[in-house]
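First up is the structure itself, then whatever we jot down about it.
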Amino acid sequence: MKILFQNTIPFYKRLALIFCMFTVTRLVFLLINLTYFPDFELAILFHGLRFDLVAIVYLFMPFLLIHLIPVRNNTARWRTLLLSVFFQIGLHLSLLANYIDTIYFNFTFKRSTADVFLLASTGNDAIRLIPQFLKDFWYMIIVYLVSVFLFTKLYFKIKERSLIFTLTPLNWAFKSAGLLIGLSFFLIGARGGLQLRPLNMADTSKYASGSNTAVLVNTPFSILLTLQNPGVDKVSYFKSSQLEKLYTPIQKINGSGSFEGRNVVVIILESFGEEYVGFLSGKKTYTPFLDSLFNHSYVFRNNRANGLKSIEALPSILSGLPSLNNTPFILSPYSSNQIESLPYRLKEKGYNTSFFHAGETGTMGFDAFCKSVGIDDYYGLEDYPDRKKDFDGSWGIYDEHYLQYFARKLNSFEQPFFSSVFTLSSHHPYSIPIKYQGVFDQGNLNVHETIGYTDMALKKFFFKVKNESWFKNSIFILTADHPAQSEFLFYKKDNGRYKVPLAFYIPNSTLKGESDKLAKQADIPSTVLGMIGDTSEVLNFGNDLFSSNEGIVLNYKNSNYIIHNQSNVLVFNGRSPVGYYAEEDSLWQTNLLDSIVSDAAYFKLLNKGKAYLQQYNNRLISNQLIQR
């Protein structure tokens with residue numbers, strides 16, 4: 001009996017080794033991305049073990065079970081081989097997921113979820129970019145290989161004592177009891193504890209602030225959790241009669257119609273965070289042309305993206321549908337839902353509609369989505385006439401060449417038209433033509449030089465079209481899909497991380513100025529419809545920015561909803577608030593939840609945010625995103 005007990009010690013040592021491996025990957029993640037976690041606390045490393053347990057049970061299940069299944073000879077060659085194989089499988093999967101995300105976090109600012117597989121299988125971009133990522137982040141390959149070597153070596157140092165198992169009733173009962181206890185442990189571990197509900201992302205708020213969630217959890221946990229639930233959950237915070245009073249996405253457009261019949265041109269700038277635009281940030285500028293253009297535009301200074309990925313931008317900008325789920329709408333089970341859109345509305349008014357993206361057709365499902373929202377003509381990489389000459393080697397056509405092509409196509413369109421272009425040069429690997437290398441300010445981040453290049457390409461675009469007949473009869477909307485790398489603390493934290501430009505430029509118009517009104521990408525459809533004189537009802541989750549309606553912005557990150565109004569911001573995990581801050585508290589240093597007794601503004605924001613979320617989730621589930 002004593003020998004049987006002693007022989008369980010190697011099992012616990014190996015289990016401890018696996019926990020140690022997850023902690024090492026967490027430390028590597030933290031060290032490489034340290035500037036994004038200025039308020040990190042050491043206790044997070046301890047609490048993270050609970051989230052590691054869930055991932056370990058799933059990834060190492062065969063390895064753990066083999067230790068517990070009764071066998072006659074515990075050091076039999078077949079058993080030793082199986083243990084080694086399943087340990088290596090779990091080890092490689094864990095290290096790859098966590099180390100890849102260590103780099104990918106710098107682009108998405110959150111742990112990857114199950115949609116990463118859908119995204120990788122949409123188009124050929126992922127395969128084409130792998131060599132570039134390996135080149136740019138070679139040091140992570142070394143970290144990965146060293147980790148594999150180290151933990152494999154430590155694993156083989158933990159040896160089991162040879163034991164020939166005699167099938168006596170007592171021994172059999174002891175081993176069977178151990179198996180049952182082990183299976184119970186796995187069940188508890190897979191749930192993350194003995195609590196009523198299995199551990200999920202909402203539980204992270206108990207152990208870390210929203211900005212530190214990415215350190216608390218691990219990537220396998222995040223992916224496994226979202227594999228189980230790629231959709232949204234139906235919520236019932238309010239009865240239907242109360243719900244409609246608090247918030248409804250059905251709105252009557254009562255715009256001035258001052259620009260009726262104008263062409264609509266939407267320019268979506270890849271990764272153009274507010275931080276890079278001196279006109280908006282008040283810091284060093286990398287966009288001298290945009291700064292000058294904004295002096296002749298109407299600019300919304302308090303604008304936020306509705307997501308942190310390019311694939312999340314189009315539903316927001318074209319259809320007023322924000323991203324409030326782990327899976328982007330284009331890849332979600334709801335992608336076949338009927339939804340209203342700005343292009344459809346404009347088509348009804350006689351506009352021809354088009355969309356331009358210099359990447360390969362099929363990239364992120366843009367072409368299929370555009371078709372579903374009323375865009376007749378989609379122009380991708382294959383449609384560009386000199387694609388071999390002007391290809392950037394990674395994504396598509398350099399912005400300077402592509403925006404000139406876009407200008408030529410606009411010149412050929414019959415008016416009125418709606419057209420949108422999505423730039424791409426200011427995306428990793430941040431490639432610009434050789435002749436421009438060293439021309440633009442390289443700043444302190446890799447993205448800075450490409451921001452300057454795209455800004456120059458924009459200048460050349462406007463210079464080319466400014467004398468065309470359609471130019472003076474157009475509304476130009478300039479925004480970005482999401483921010484990218486950040487240099488300053490405010491833009492690294494969740495309050496500033498979503499901030500992107502939004503400006504309306506109308507040649508020879510008196511519509512110039514600035515507004516601090518709360519704005520978001522999803523406001524673009526309703527705002528444009530108001531500008532061109534639409535007086536019908538629309539169904540979207542945006543707001544006409546030139547109306548007197550009070551706006552609201554919801555962002556979603558790691559199962560937390562960040563809810564803004566003009567004065568305050570509330571962090572809500574779907575069940576209860578976890579943070580409440582004054583809007584001017586830009587770094588979220590004072591959580592006002594602790595001092596709230598009966599704050600009417602707080603309850604108004606909470607209820608409106610919950611109503612917004614209920615309308616969003618339940619309408620997605622029931623396919624009620626158009627008026628029937």
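Every chain in the structure tokens has a letter given in the order shown (A, B, ...), and although residue numbers restart at 1 in each chain, ligands are simply numbered from 1 in the order shown.
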
*Could you give me, as a ChimeraX atom specification, the residues within 12 Å of Lys309 in chain A, counting only C-alpha atoms and dropping anything in the same chain fewer than 2 positions from it?*
/A:104-110,112,115-116,119,270-271,305-307,311-316,322-323,326-330,364,427,480-484,498,556-557

Selected residues written out, N, CA, C and O atoms, as a short mmCIF file (atom, residue, chain, number, x, y, z; two decimals), in the first residue's frame:
data_model
loop_
_atom_site.label_atom_id
_atom_site.label_comp_id
_atom_site.auth_asym_id
_atom_site.auth_seq_id
_atom_site.Cartn_x
_atom_site.Cartn_y
_atom_site.Cartn_z
N TYR A 104 0.34 38.22 -31.08
CA TYR A 104 -0.92 38.66 -31.69
C TYR A 104 -1.64 39.68 -30.81
O TYR A 104 -2.39 40.52 -31.31
N PHE A 105 -1.39 39.64 -29.51
CA PHE A 105 -2.02 40.60 -28.60
C PHE A 105 -1.71 42.04 -28.99
O PHE A 105 -2.52 42.94 -28.80
N ASN A 106 -0.54 42.26 -29.55
CA ASN A 106 -0.13 43.61 -29.94
C ASN A 106 -0.99 44.17 -31.08
O ASN A 106 -0.94 45.36 -31.37
N PHE A 107 -1.81 43.30 -31.69
CA PHE A 107 -2.68 43.73 -32.78
C PHE A 107 -4.15 43.74 -32.37
O PHE A 107 -4.94 44.52 -32.89
N THR A 108 -4.54 42.87 -31.44
CA THR A 108 -5.95 42.76 -31.06
C THR A 108 -6.24 43.22 -29.65
O THR A 108 -7.39 43.48 -29.30
N PHE A 109 -5.20 43.30 -28.79
CA PHE A 109 -5.32 43.77 -27.41
C PHE A 109 -6.23 42.88 -26.55
O PHE A 109 -6.80 43.32 -25.57
N LYS A 110 -6.36 41.62 -26.94
CA LYS A 110 -7.10 40.66 -26.12
C LYS A 110 -6.63 39.25 -26.46
O LYS A 110 -5.98 39.04 -27.48
N SER A 112 -6.87 35.59 -27.86
CA SER A 112 -7.59 35.06 -29.02
C SER A 112 -8.75 34.18 -28.58
O SER A 112 -8.70 33.52 -27.53
N ASP A 115 -12.84 32.31 -32.85
CA ASP A 115 -12.97 32.88 -34.19
C ASP A 115 -11.64 32.97 -34.93
O ASP A 115 -11.61 33.19 -36.14
N VAL A 116 -10.52 32.77 -34.21
CA VAL A 116 -9.23 32.83 -34.87
C VAL A 116 -9.11 31.73 -35.93
O VAL A 116 -8.48 31.92 -36.98
N LEU A 119 -11.24 32.90 -38.87
CA LEU A 119 -10.55 33.99 -39.54
C LEU A 119 -9.41 33.46 -40.40
O LEU A 119 -9.19 33.90 -41.53
N GLU A 270 -6.90 51.76 -42.51
CA GLU A 270 -6.41 50.62 -41.73
C GLU A 270 -5.55 51.09 -40.55
O GLU A 270 -4.56 51.82 -40.73
N SER A 271 -5.98 50.69 -39.34
CA SER A 271 -5.19 50.87 -38.10
C SER A 271 -4.88 52.32 -37.75
O SER A 271 -3.93 52.59 -37.02
N ALA A 305 -14.17 53.17 -32.19
CA ALA A 305 -14.45 52.00 -33.03
C ALA A 305 -15.36 51.05 -32.26
O ALA A 305 -15.38 51.06 -31.03
N ASN A 306 -16.10 50.22 -33.00
CA ASN A 306 -16.98 49.25 -32.36
C ASN A 306 -16.34 47.88 -32.20
O ASN A 306 -16.98 46.93 -31.78
N GLY A 307 -15.06 47.77 -32.55
CA GLY A 307 -14.34 46.51 -32.40
C GLY A 307 -12.85 46.77 -32.51
O GLY A 307 -12.41 47.90 -32.72
N ILE A 311 -12.23 42.85 -39.41
CA ILE A 311 -13.43 42.12 -39.79
C ILE A 311 -14.67 42.59 -39.02
O ILE A 311 -15.80 42.34 -39.43
N GLU A 312 -14.44 43.28 -37.90
CA GLU A 312 -15.56 43.79 -37.11
C GLU A 312 -16.01 45.17 -37.56
O GLU A 312 -17.07 45.65 -37.15
N ALA A 313 -15.21 45.82 -38.43
CA ALA A 313 -15.50 47.21 -38.78
C ALA A 313 -16.64 47.35 -39.78
O ALA A 313 -17.48 48.25 -39.65
N LEU A 314 -16.68 46.50 -40.81
CA LEU A 314 -17.66 46.70 -41.88
C LEU A 314 -19.11 46.63 -41.40
O LEU A 314 -19.92 47.47 -41.78
N PRO A 315 -19.50 45.63 -40.59
CA PRO A 315 -20.88 45.64 -40.11
C PRO A 315 -21.24 46.90 -39.34
O PRO A 315 -22.38 47.37 -39.41
N SER A 316 -20.28 47.45 -38.60
CA SER A 316 -20.54 48.68 -37.85
C SER A 316 -20.70 49.87 -38.78
O SER A 316 -21.67 50.63 -38.69
N PRO A 322 -22.73 46.91 -34.20
CA PRO A 322 -21.46 46.80 -33.48
C PRO A 322 -21.07 45.36 -33.22
O PRO A 322 -21.89 44.44 -33.37
N SER A 323 -19.84 45.15 -32.80
CA SER A 323 -19.35 43.82 -32.47
C SER A 323 -19.40 43.64 -30.96
O SER A 323 -18.61 44.23 -30.23
N ASN A 326 -17.74 37.34 -28.98
CA ASN A 326 -16.40 36.82 -29.27
C ASN A 326 -16.19 36.57 -30.75
O ASN A 326 -15.07 36.66 -31.25
N THR A 327 -17.26 36.23 -31.46
CA THR A 327 -17.15 35.91 -32.88
C THR A 327 -17.65 37.08 -33.72
O THR A 327 -18.79 37.52 -33.55
N PRO A 328 -16.84 37.62 -34.62
CA PRO A 328 -17.30 38.72 -35.49
C PRO A 328 -18.56 38.31 -36.25
O PRO A 328 -18.71 37.14 -36.64
N PHE A 329 -19.44 39.27 -36.49
CA PHE A 329 -20.71 38.98 -37.16
C PHE A 329 -20.51 38.24 -38.47
O PHE A 329 -21.24 37.29 -38.78
N ILE A 330 -19.50 38.62 -39.25
CA ILE A 330 -19.28 38.01 -40.57
C ILE A 330 -18.99 36.52 -40.45
O ILE A 330 -19.30 35.74 -41.36
N MET A 364 -11.20 37.95 -45.19
CA MET A 364 -12.08 38.22 -44.05
C MET A 364 -13.56 38.20 -44.42
O MET A 364 -14.39 38.73 -43.69
N HIS A 427 -0.78 48.18 -41.96
CA HIS A 427 -1.04 46.93 -41.27
C HIS A 427 0.26 46.14 -41.26
O HIS A 427 1.05 46.24 -42.19
N ALA A 480 -11.56 54.97 -39.30
CA ALA A 480 -10.61 53.86 -39.28
C ALA A 480 -11.32 52.61 -38.82
O ALA A 480 -12.38 52.67 -38.20
N ASP A 481 -10.71 51.46 -39.12
CA ASP A 481 -11.31 50.21 -38.67
C ASP A 481 -11.07 49.99 -37.18
O ASP A 481 -11.95 49.57 -36.45
N HIS A 482 -9.85 50.30 -36.73
CA HIS A 482 -9.48 50.11 -35.32
C HIS A 482 -8.12 50.76 -35.10
O HIS A 482 -7.41 51.06 -36.07
N PRO A 483 -7.70 50.95 -33.87
CA PRO A 483 -6.34 51.44 -33.61
C PRO A 483 -5.34 50.30 -33.76
O PRO A 483 -5.71 49.14 -33.91
N ALA A 484 -4.05 50.62 -33.67
CA ALA A 484 -3.01 49.60 -33.71
C ALA A 484 -2.11 49.76 -32.49
O ALA A 484 -2.60 49.93 -31.38
N TYR A 498 -10.06 52.24 -28.07
CA TYR A 498 -10.98 52.15 -29.22
C TYR A 498 -11.07 53.46 -30.00
O TYR A 498 -11.82 53.53 -30.97
N TYR A 556 -17.01 45.60 -26.48
CA TYR A 556 -16.96 44.28 -25.87
C TYR A 556 -15.53 43.77 -25.85
O TYR A 556 -14.87 43.75 -26.89
N LYS A 557 -15.07 43.36 -24.69
CA LYS A 557 -13.71 42.83 -24.58
C LYS A 557 -13.63 41.85 -23.42
O LYS A 557 -13.96 42.18 -22.28
#

*What's the 8 Å shell around Glu274 in chain A, counting only C-alpha atoms, without same-chain residues fewer than 2 positions away, as an MDAnalysis selection string?*
chainID A and resid 272 276:277 280:281 483 499:501

*Give the alpha helix (DSSP H) residues of range 58-156 of chain A, as assigned by DSSP on the backbone, as a PyMOL selection string.*
chain A and resi 58-59+61-68+77-108+115-120+125-136+138-156

Distance table requested - range 479-548 of chain A against range 32-46 of chain A, cut-off 12 Å, only C-alpha atoms: one row per qualifying residue with the closest atom pair and its distance in Å to one decimal, ordered by chain and rising residue number, as JSON lines.
{"residue": "A:Gln485", "atom": "CA", "partner": "A:Tyr36", "partner_atom": "CA", "distance": 10.1}
{"residue": "A:Ser486", "atom": "CA", "partner": "A:Tyr36", "partner_atom": "CA", "distance": 8.7}
{"residue": "A:Glu487", "atom": "CA", "partner": "A:Thr35", "partner_atom": "CA", "distance": 8.7}
{"residue": "A:Phe488", "atom": "CA", "partner": "A:Thr35", "partner_atom": "CA", "distance": 9.1}
{"residue": "A:Leu489", "atom": "CA", "partner": "A:Tyr36", "partner_atom": "CA", "distance": 7.6}
{"residue": "A:Phe490", "atom": "CA", "partner": "A:Tyr36", "partner_atom": "CA", "distance": 9.9}
{"residue": "A:Tyr491", "atom": "CA", "partner": "A:Tyr36", "partner_atom": "CA", "distance": 9.2}
{"residue": "A:Lys492", "atom": "CA", "partner": "A:Tyr36", "partner_atom": "CA", "distance": 5.5}
{"residue": "A:Lys493", "atom": "CA", "partner": "A:Tyr36", "partner_atom": "CA", "distance": 7.1}
{"residue": "A:Asp494", "atom": "CA", "partner": "A:Tyr36", "partner_atom": "CA", "distance": 9.9}
{"residue": "A:Gly496", "atom": "CA", "partner": "A:Tyr36", "partner_atom": "CA", "distance": 12.0}
{"residue": "A:Arg497", "atom": "CA", "partner": "A:Tyr36", "partner_atom": "CA", "distance": 10.4}

Serialized selection, N, CA and C atoms, as a PDB file, in the first residue's frame:
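Everything below was put into part-v1.pdb:
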ATOM      1  N   GLN A 485      -0.805  49.744 -32.703  1.00  0.00           N
ATOM      2  CA  GLN A 485       0.128  49.862 -31.585  1.00  0.00           C
ATOM      3  C   GLN A 485      -0.027  51.211 -30.885  1.00  0.00           C
ATOM      4  N   SER A 486       0.261  51.212 -29.601  1.00  0.00           N
ATOM      5  CA  SER A 486       0.114  52.438 -28.823  1.00  0.00           C
ATOM      6  C   SER A 486       1.410  52.795 -28.119  1.00  0.00           C
ATOM      7  N   GLU A 487       1.635  54.089 -28.038  1.00  0.00           N
ATOM      8  CA  GLU A 487       2.822  54.615 -27.361  1.00  0.00           C
ATOM      9  C   GLU A 487       2.459  55.219 -26.009  1.00  0.00           C
ATOM     10  N   PHE A 488       1.245  55.731 -25.885  1.00  0.00           N
ATOM     11  CA  PHE A 488       0.844  56.474 -24.693  1.00  0.00           C
ATOM     12  C   PHE A 488      -0.154  55.678 -23.855  1.00  0.00           C
ATOM     13  N   LEU A 489      -0.076  55.871 -22.544  1.00  0.00           N
ATOM     14  CA  LEU A 489      -0.819  55.049 -21.590  1.00  0.00           C
ATOM     15  C   LEU A 489      -2.323  55.091 -21.834  1.00  0.00           C
ATOM     16  N   PHE A 490      -2.873  56.269 -22.092  1.00  0.00           N
ATOM     17  CA  PHE A 490      -4.321  56.387 -22.285  1.00  0.00           C
ATOM     18  C   PHE A 490      -4.808  55.478 -23.405  1.00  0.00           C
ATOM     19  N   TYR A 491      -4.043  55.389 -24.481  1.00  0.00           N
ATOM     20  CA  TYR A 491      -4.457  54.587 -25.628  1.00  0.00           C
ATOM     21  C   TYR A 491      -4.164  53.103 -25.444  1.00  0.00           C
ATOM     22  N   LYS A 492      -3.441  52.766 -24.396  1.00  0.00           N
ATOM     23  CA  LYS A 492      -3.213  51.361 -24.083  1.00  0.00           C
ATOM     24  C   LYS A 492      -4.308  50.795 -23.182  1.00  0.00           C
ATOM     25  N   LYS A 493      -4.974  51.677 -22.451  1.00  0.00           N
ATOM     26  CA  LYS A 493      -6.036  51.249 -21.552  1.00  0.00           C
ATOM     27  C   LYS A 493      -7.373  51.235 -22.298  1.00  0.00           C
ATOM     28  N   ASP A 494      -8.332  50.508 -21.750  1.00  0.00           N
ATOM     29  CA  ASP A 494      -9.586  50.256 -22.467  1.00  0.00           C
ATOM     30  C   ASP A 494     -10.372  51.523 -22.777  1.00  0.00           C
ATOM     31  N   GLY A 496      -9.208  54.392 -23.859  1.00  0.00           N
ATOM     32  CA  GLY A 496      -8.700  55.059 -25.054  1.00  0.00           C
ATOM     33  C   GLY A 496      -8.360  54.132 -26.196  1.00  0.00           C
ATOM     34  N   ARG A 497      -8.401  52.846 -25.935  1.00  0.00           N
ATOM     35  CA  ARG A 497      -7.944  51.870 -26.922  1.00  0.00           C
ATOM     36  C   ARG A 497      -8.805  51.850 -28.176  1.00  0.00           C
TER      37      ARG A 497
END

_With only C-alpha atoms as the counted atoms, please give the residues lying no more than 9 Å from range 144-146 of chain A, apart from itself and same-chain residues fewer than 3 positions off, as a list in words._
His92, Leu95, Leu96, Tyr99, Tyr139, Met140, Ile141, Phe149, Leu150 and Phe151 of chain A

*In Å, with one decimal, what is the gap from CA of Asp390 in chain A to CA of Gln132 in chain A?*
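Computed distance, CA of Asp390 in chain A to CA of Gln132 in chain A, equals 18.1 Å.
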
Mind listing the strand (DSSP E) residues of range 368-487 of chain A, per DSSP on the backbone, as an mmCIF file with N, CA and C atoms, in the first residue's frame?
data_model
loop_
_atom_site.group_PDB
_atom_site.id
_atom_site.type_symbol
_atom_site.label_atom_id
_atom_site.label_comp_id
_atom_site.auth_asym_id
_atom_site.auth_seq_id
_atom_site.Cartn_x
_atom_site.Cartn_y
_atom_site.Cartn_z
ATOM 1 N N ASP A 377 -20.976 46.132 -56.684
ATOM 2 C CA ASP A 377 -19.673 45.891 -57.314
ATOM 3 C C ASP A 377 -18.565 45.875 -56.269
ATOM 4 N N TYR A 378 -17.918 44.724 -56.146
ATOM 5 C CA TYR A 378 -16.805 44.567 -55.211
ATOM 6 C C TYR A 378 -15.516 44.477 -56.013
ATOM 7 N N TYR A 379 -14.545 45.314 -55.660
ATOM 8 C CA TYR A 379 -13.267 45.342 -56.359
ATOM 9 C C TYR A 379 -12.164 44.881 -55.407
ATOM 10 N N PHE A 417 -23.570 58.054 -56.508
ATOM 11 C CA PHE A 417 -22.985 56.762 -56.171
ATOM 12 C C PHE A 417 -22.576 56.728 -54.708
ATOM 13 N N PHE A 418 -22.578 55.501 -54.193
ATOM 14 C CA PHE A 418 -21.985 55.208 -52.885
ATOM 15 C C PHE A 418 -20.772 54.336 -53.151
ATOM 16 N N SER A 419 -19.638 54.699 -52.564
ATOM 17 C CA SER A 419 -18.453 53.873 -52.714
ATOM 18 C C SER A 419 -17.604 53.964 -51.455
ATOM 19 N N SER A 420 -16.971 52.856 -51.127
ATOM 20 C CA SER A 420 -16.115 52.815 -49.941
ATOM 21 C C SER A 420 -14.802 52.145 -50.304
ATOM 22 N N VAL A 421 -13.722 52.626 -49.715
ATOM 23 C CA VAL A 421 -12.410 52.011 -49.916
ATOM 24 C C VAL A 421 -11.789 51.734 -48.553
ATOM 25 N N PHE A 422 -11.132 50.595 -48.452
ATOM 26 C CA PHE A 422 -10.485 50.164 -47.214
ATOM 27 C C PHE A 422 -8.984 50.054 -47.518
ATOM 28 N N SER A 474 -20.181 65.666 -53.335
ATOM 29 C CA SER A 474 -19.955 64.440 -52.563
ATOM 30 C C SER A 474 -19.789 64.710 -51.075
ATOM 31 N N ILE A 475 -20.118 63.699 -50.300
ATOM 32 C CA ILE A 475 -19.845 63.669 -48.863
ATOM 33 C C ILE A 475 -18.741 62.644 -48.647
ATOM 34 N N PHE A 476 -17.634 63.056 -48.053
ATOM 35 C CA PHE A 476 -16.548 62.138 -47.732
ATOM 36 C C PHE A 476 -16.580 61.850 -46.234
ATOM 37 N N ILE A 477 -16.632 60.577 -45.890
ATOM 38 C CA ILE A 477 -16.576 60.173 -44.479
ATOM 39 C C ILE A 477 -15.240 59.482 -44.270
ATOM 40 N N LEU A 478 -14.449 59.984 -43.337
ATOM 41 C CA LEU A 478 -13.141 59.401 -43.051
ATOM 42 C C LEU A 478 -13.133 58.826 -41.642
ATOM 43 N N THR A 479 -12.804 57.549 -41.553
ATOM 44 C CA THR A 479 -12.724 56.889 -40.254
ATOM 45 C C THR A 479 -11.677 55.785 -40.348
ATOM 46 N N ALA A 480 -11.564 54.966 -39.305
ATOM 47 C CA ALA A 480 -10.610 53.863 -39.283
ATOM 48 C C ALA A 480 -11.316 52.606 -38.817
#

Selection: 12 Å around Phe463 in chain A, only C-alpha atoms, excl. self and same-chain fewer than 6 positions, as an mmCIF file with C-alpha atoms, in the first residue's frame:
data_model
loop_
_atom_site.group_PDB
_atom_site.id
_atom_site.type_symbol
_atom_site.label_atom_id
_atom_site.label_comp_id
_atom_site.auth_asym_id
_atom_site.auth_seq_id
_atom_site.Cartn_x
_atom_site.Cartn_y
_atom_site.Cartn_z
ATOM 1 C CA PHE A 289 -2.501 65.946 -44.590
ATOM 2 C CA LEU A 293 -8.197 68.247 -44.127
ATOM 3 C CA LEU A 403 -6.061 55.090 -54.037
ATOM 4 C CA GLN A 404 -5.117 56.406 -57.468
ATOM 5 C CA ALA A 407 -9.921 57.744 -57.950
ATOM 6 C CA MET A 456 0.612 61.005 -48.258
ATOM 7 C CA ALA A 457 -1.370 58.575 -50.437
ATOM 8 C CA PHE A 471 -16.124 65.894 -56.247
#

*Minimum-distance residue to Lys520 in chain A, chosen among A:Asp441, A:Asp544, A:Asp203, A:Glu244 (using only C-alpha atoms)*: A:Asp544

_Residues near range 295-300 of chain A, anyone? I mean within 10 Å using only C-alpha atoms, not counting same-chain ones fewer than 5 positions away, as a ChimeraX atom specification._
/A:279-280,290,476-478,500-520,545

Selection to disk with N, CA, C and O atoms, as a short mmCIF file (atom, residue, chain, number, x, y, z; two decimals), in the first residue's frame:
data_model
loop_
_atom_site.label_atom_id
_atom_site.label_comp_id
_atom_site.auth_asym_id
_atom_site.auth_seq_id
_atom_site.Cartn_x
_atom_site.Cartn_y
_atom_site.Cartn_z
N PHE A 279 -4.08 66.35 -34.85
CA PHE A 279 -5.27 67.18 -34.74
C PHE A 279 -6.18 66.69 -33.62
O PHE A 279 -6.83 67.49 -32.93
N LEU A 280 -6.23 65.37 -33.42
CA LEU A 280 -7.12 64.78 -32.42
C LEU A 280 -6.43 64.53 -31.09
O LEU A 280 -7.02 64.74 -30.02
N LEU A 290 -4.07 64.76 -43.15
CA LEU A 290 -5.35 64.62 -42.44
C LEU A 290 -5.59 65.80 -41.51
O LEU A 290 -6.71 66.30 -41.40
N PHE A 476 -17.63 63.06 -48.05
CA PHE A 476 -16.55 62.14 -47.73
C PHE A 476 -16.58 61.85 -46.23
O PHE A 476 -16.57 62.78 -45.42
N ILE A 477 -16.63 60.58 -45.89
CA ILE A 477 -16.58 60.17 -44.48
C ILE A 477 -15.24 59.48 -44.27
O ILE A 477 -14.92 58.50 -44.96
N LEU A 478 -14.45 59.98 -43.34
CA LEU A 478 -13.14 59.40 -43.05
C LEU A 478 -13.13 58.83 -41.64
O LEU A 478 -13.44 59.53 -40.67
N VAL A 500 -10.77 56.26 -32.56
CA VAL A 500 -10.36 56.42 -33.96
C VAL A 500 -10.99 57.69 -34.52
O VAL A 500 -11.97 58.20 -33.97
N PRO A 501 -10.46 58.20 -35.62
CA PRO A 501 -11.03 59.42 -36.21
C PRO A 501 -12.42 59.18 -36.80
O PRO A 501 -12.76 58.07 -37.21
N LEU A 502 -13.21 60.24 -36.84
CA LEU A 502 -14.45 60.27 -37.61
C LEU A 502 -14.66 61.72 -38.05
O LEU A 502 -14.82 62.61 -37.23
N ALA A 503 -14.64 61.91 -39.36
CA ALA A 503 -14.79 63.27 -39.90
C ALA A 503 -15.64 63.22 -41.16
O ALA A 503 -15.58 62.27 -41.94
N PHE A 504 -16.43 64.28 -41.36
CA PHE A 504 -17.25 64.45 -42.56
C PHE A 504 -16.70 65.65 -43.32
O PHE A 504 -16.72 66.77 -42.81
N TYR A 505 -16.20 65.38 -44.51
CA TYR A 505 -15.64 66.45 -45.34
C TYR A 505 -16.54 66.65 -46.56
O TYR A 505 -16.78 65.72 -47.33
N ILE A 506 -17.07 67.87 -46.70
CA ILE A 506 -17.96 68.20 -47.81
C ILE A 506 -17.39 69.43 -48.51
O ILE A 506 -17.41 70.53 -47.94
N PRO A 507 -16.85 69.25 -49.71
CA PRO A 507 -16.24 70.39 -50.42
C PRO A 507 -17.21 71.56 -50.57
O PRO A 507 -18.41 71.37 -50.81
N ASN A 508 -16.70 72.77 -50.43
CA ASN A 508 -17.48 74.00 -50.61
C ASN A 508 -18.74 74.03 -49.75
O ASN A 508 -19.79 74.49 -50.17
N SER A 509 -18.60 73.54 -48.54
CA SER A 509 -19.74 73.51 -47.62
C SER A 509 -19.41 74.31 -46.36
O SER A 509 -18.24 74.46 -45.98
N THR A 510 -20.44 74.78 -45.71
CA THR A 510 -20.25 75.48 -44.43
C THR A 510 -20.18 74.50 -43.27
O THR A 510 -19.99 74.91 -42.13
N LEU A 511 -20.36 73.20 -43.56
CA LEU A 511 -20.30 72.21 -42.50
C LEU A 511 -18.84 71.96 -42.11
O LEU A 511 -18.16 71.08 -42.62
N LYS A 512 -18.39 72.77 -41.18
CA LYS A 512 -17.03 72.66 -40.66
C LYS A 512 -17.09 72.87 -39.15
O LYS A 512 -17.96 73.57 -38.65
N GLY A 513 -16.17 72.26 -38.47
CA GLY A 513 -16.14 72.46 -37.02
C GLY A 513 -15.78 71.19 -36.29
O GLY A 513 -15.33 70.20 -36.87
N GLU A 514 -16.00 71.20 -34.98
CA GLU A 514 -15.66 70.07 -34.12
C GLU A 514 -16.78 69.84 -33.12
O GLU A 514 -17.50 70.78 -32.76
N SER A 515 -16.89 68.59 -32.69
CA SER A 515 -17.88 68.25 -31.68
C SER A 515 -17.28 67.24 -30.72
O SER A 515 -16.54 66.34 -31.12
N ASP A 516 -17.59 67.40 -29.44
CA ASP A 516 -17.19 66.43 -28.43
C ASP A 516 -18.30 65.42 -28.14
O ASP A 516 -18.20 64.64 -27.20
N LYS A 517 -19.33 65.44 -28.96
CA LYS A 517 -20.45 64.51 -28.77
C LYS A 517 -19.95 63.08 -28.90
O LYS A 517 -19.14 62.75 -29.76
N LEU A 518 -20.45 62.20 -28.05
CA LEU A 518 -20.09 60.80 -28.08
C LEU A 518 -20.48 60.20 -29.43
O LEU A 518 -21.61 60.36 -29.89
N ALA A 519 -19.55 59.53 -30.08
CA ALA A 519 -19.79 58.98 -31.41
C ALA A 519 -19.14 57.61 -31.54
O ALA A 519 -18.25 57.25 -30.76
N LYS A 520 -19.57 56.87 -32.56
CA LYS A 520 -19.03 55.53 -32.83
C LYS A 520 -19.20 55.22 -34.31
O LYS A 520 -19.96 55.88 -35.02
N LEU A 545 -25.76 61.60 -35.63
CA LEU A 545 -24.90 62.46 -34.82
C LEU A 545 -25.29 63.93 -34.89
O LEU A 545 -24.88 64.72 -34.04
#

*Expressed in Å to a single decimal, how great is the separation between CA of Tyr436 in chain A and CA of Phe461 in chain A?*
17.0 Å

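Taking only C-alpha atoms into account, Ile562 in chain A lies nearest to A:Ser211 out of the set A:Ser310, A:Ser211, A:Thr361, A:Asn623.
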